[in-house]
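Participant: Structure provided below as structure tokens; questions to follow.
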Amino acid sequence: MVKTAAALHILVKEEKLAQEILTKLERGISFDHLAKRYSRCPTGRNGGDLGEFKQGMMVGPFDEAVFSCPLLKPYGPVKTKFGYHIIKVLFRR
């Protein structure tokens, strides 16, 4: 059975910046605001919303994180060939 998930992410170039963003999230700054400000991915304009996608559609490390990390809690940084991601999984089916 194919699993799906919906997630938000913030993509940055440097691990240090990813850690700083995680700290800001822990202090209560909204994911939407930080995605719009920092994300290098075009989804940043929409608060980092990736929508719903099937398991295996994303690059390996990202996919593994989405289908194993806690729901609704910012997770990362996850390194891929694109940079460092902060991920927030909204749901899995």
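Here, A, B, ... name the chains of the structure tokens in the order displayed, residue numbers run from 1 inside each chain, and ligands are numbered from 1 in the same displayed order.
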Hey, what's within 12 Å of A:Leu25 if we count only C-alpha atoms and toss same-chain stuff fewer than 4 positions away? As a ChimeraX atom specification, please?

Facilitator: /A:10,18-21,29-35,72-76,86-88

Participant: Select, from A:Thr80, A:Lys13, A:Arg27, A:Arg92, the residue with the minimum atom-to-atom distance to A:Gly51, counting only C-alpha atoms.

Facilitator: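 For A:Gly51, the nearest of the given residues is A:Arg92.
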
Participant: Check the smallest atom-to-atom distance from each of A:Gly48, A:Pro77, A:Gly56, A:Pro42 to A:Lys3 using only C-alpha atoms, then report the winner.

Facilitator: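 Of A:Gly48, A:Pro77, A:Gly56, A:Pro42, the one nearest A:Lys3, counting only C-alpha atoms, is A:Gly56.
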
Participant: Give the helix (DSSP H, G or I) residues of chain A, as DSSP finds them on the backbone, and put them as a PyMOL selection string.

Facilitator: chain A and resi 15-26+31-38+42-46+60-66

Participant: Please return as JSON, numbers by chain: the residues of chain A that backbone DSSP assigns to strand (DSSP E or B).

Facilitator: {"A": [4, 5, 6, 7, 8, 9, 10, 11, 12, 49, 50, 51, 52, 53, 54, 71, 75, 76, 77, 78, 79, 80, 83, 84, 85, 86, 87, 88, 89, 90, 91, 92]}

Participant: Got time to write the residues from that selection, C-alpha atoms, as an mmCIF file, in the first residue's frame?

Facilitator:
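Writing done, so here's again_19.cif:
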```
data_model
loop_
_atom_site.group_PDB
_atom_site.id
_atom_site.type_symbol
_atom_site.label_atom_id
_atom_site.label_comp_id
_atom_site.auth_asym_id
_atom_site.auth_seq_id
_atom_site.Cartn_x
_atom_site.Cartn_y
_atom_site.Cartn_z
ATOM 1 C CA THR A 4 1.198 9.580 1.347
ATOM 2 C CA ALA A 5 2.080 12.585 3.457
ATOM 3 C CA ALA A 6 1.626 16.330 3.463
ATOM 4 C CA ALA A 7 4.454 18.526 4.679
ATOM 5 C CA LEU A 8 5.875 22.000 4.895
ATOM 6 C CA HIS A 9 9.580 22.702 4.525
ATOM 7 C CA ILE A 10 12.150 25.460 4.655
ATOM 8 C CA LEU A 11 15.193 24.979 2.427
ATOM 9 C CA VAL A 12 18.426 26.824 3.167
ATOM 10 C CA ASP A 49 3.693 23.966 1.566
ATOM 11 C CA LEU A 50 4.580 20.889 -0.508
ATOM 12 C CA GLY A 51 1.022 19.569 -0.534
ATOM 13 C CA GLU A 52 0.349 15.845 -0.402
ATOM 14 C CA PHE A 53 2.798 13.465 -2.070
ATOM 15 C CA LYS A 54 3.499 9.737 -2.284
ATOM 16 C CA LEU A 71 3.923 14.788 13.164
ATOM 17 C CA TYR A 75 12.290 18.416 12.341
ATOM 18 C CA GLY A 76 15.783 18.744 10.950
ATOM 19 C CA PRO A 77 18.021 19.835 9.572
ATOM 20 C CA VAL A 78 17.864 17.150 6.898
ATOM 21 C CA LYS A 79 20.661 17.366 4.329
ATOM 22 C CA THR A 80 19.946 16.640 0.667
ATOM 23 C CA GLY A 83 20.678 21.993 0.912
ATOM 24 C CA TYR A 84 19.305 21.726 4.451
ATOM 25 C CA HIS A 85 15.609 21.273 5.124
ATOM 26 C CA ILE A 86 13.479 21.977 8.161
ATOM 27 C CA ILE A 87 10.403 19.791 7.781
ATOM 28 C CA LYS A 88 6.991 19.875 9.427
ATOM 29 C CA VAL A 89 4.804 16.884 8.544
ATOM 30 C CA LEU A 90 1.101 17.732 8.674
ATOM 31 C CA PHE A 91 -0.226 14.189 8.213
ATOM 32 C CA ARG A 92 0.554 10.720 6.868
#
```
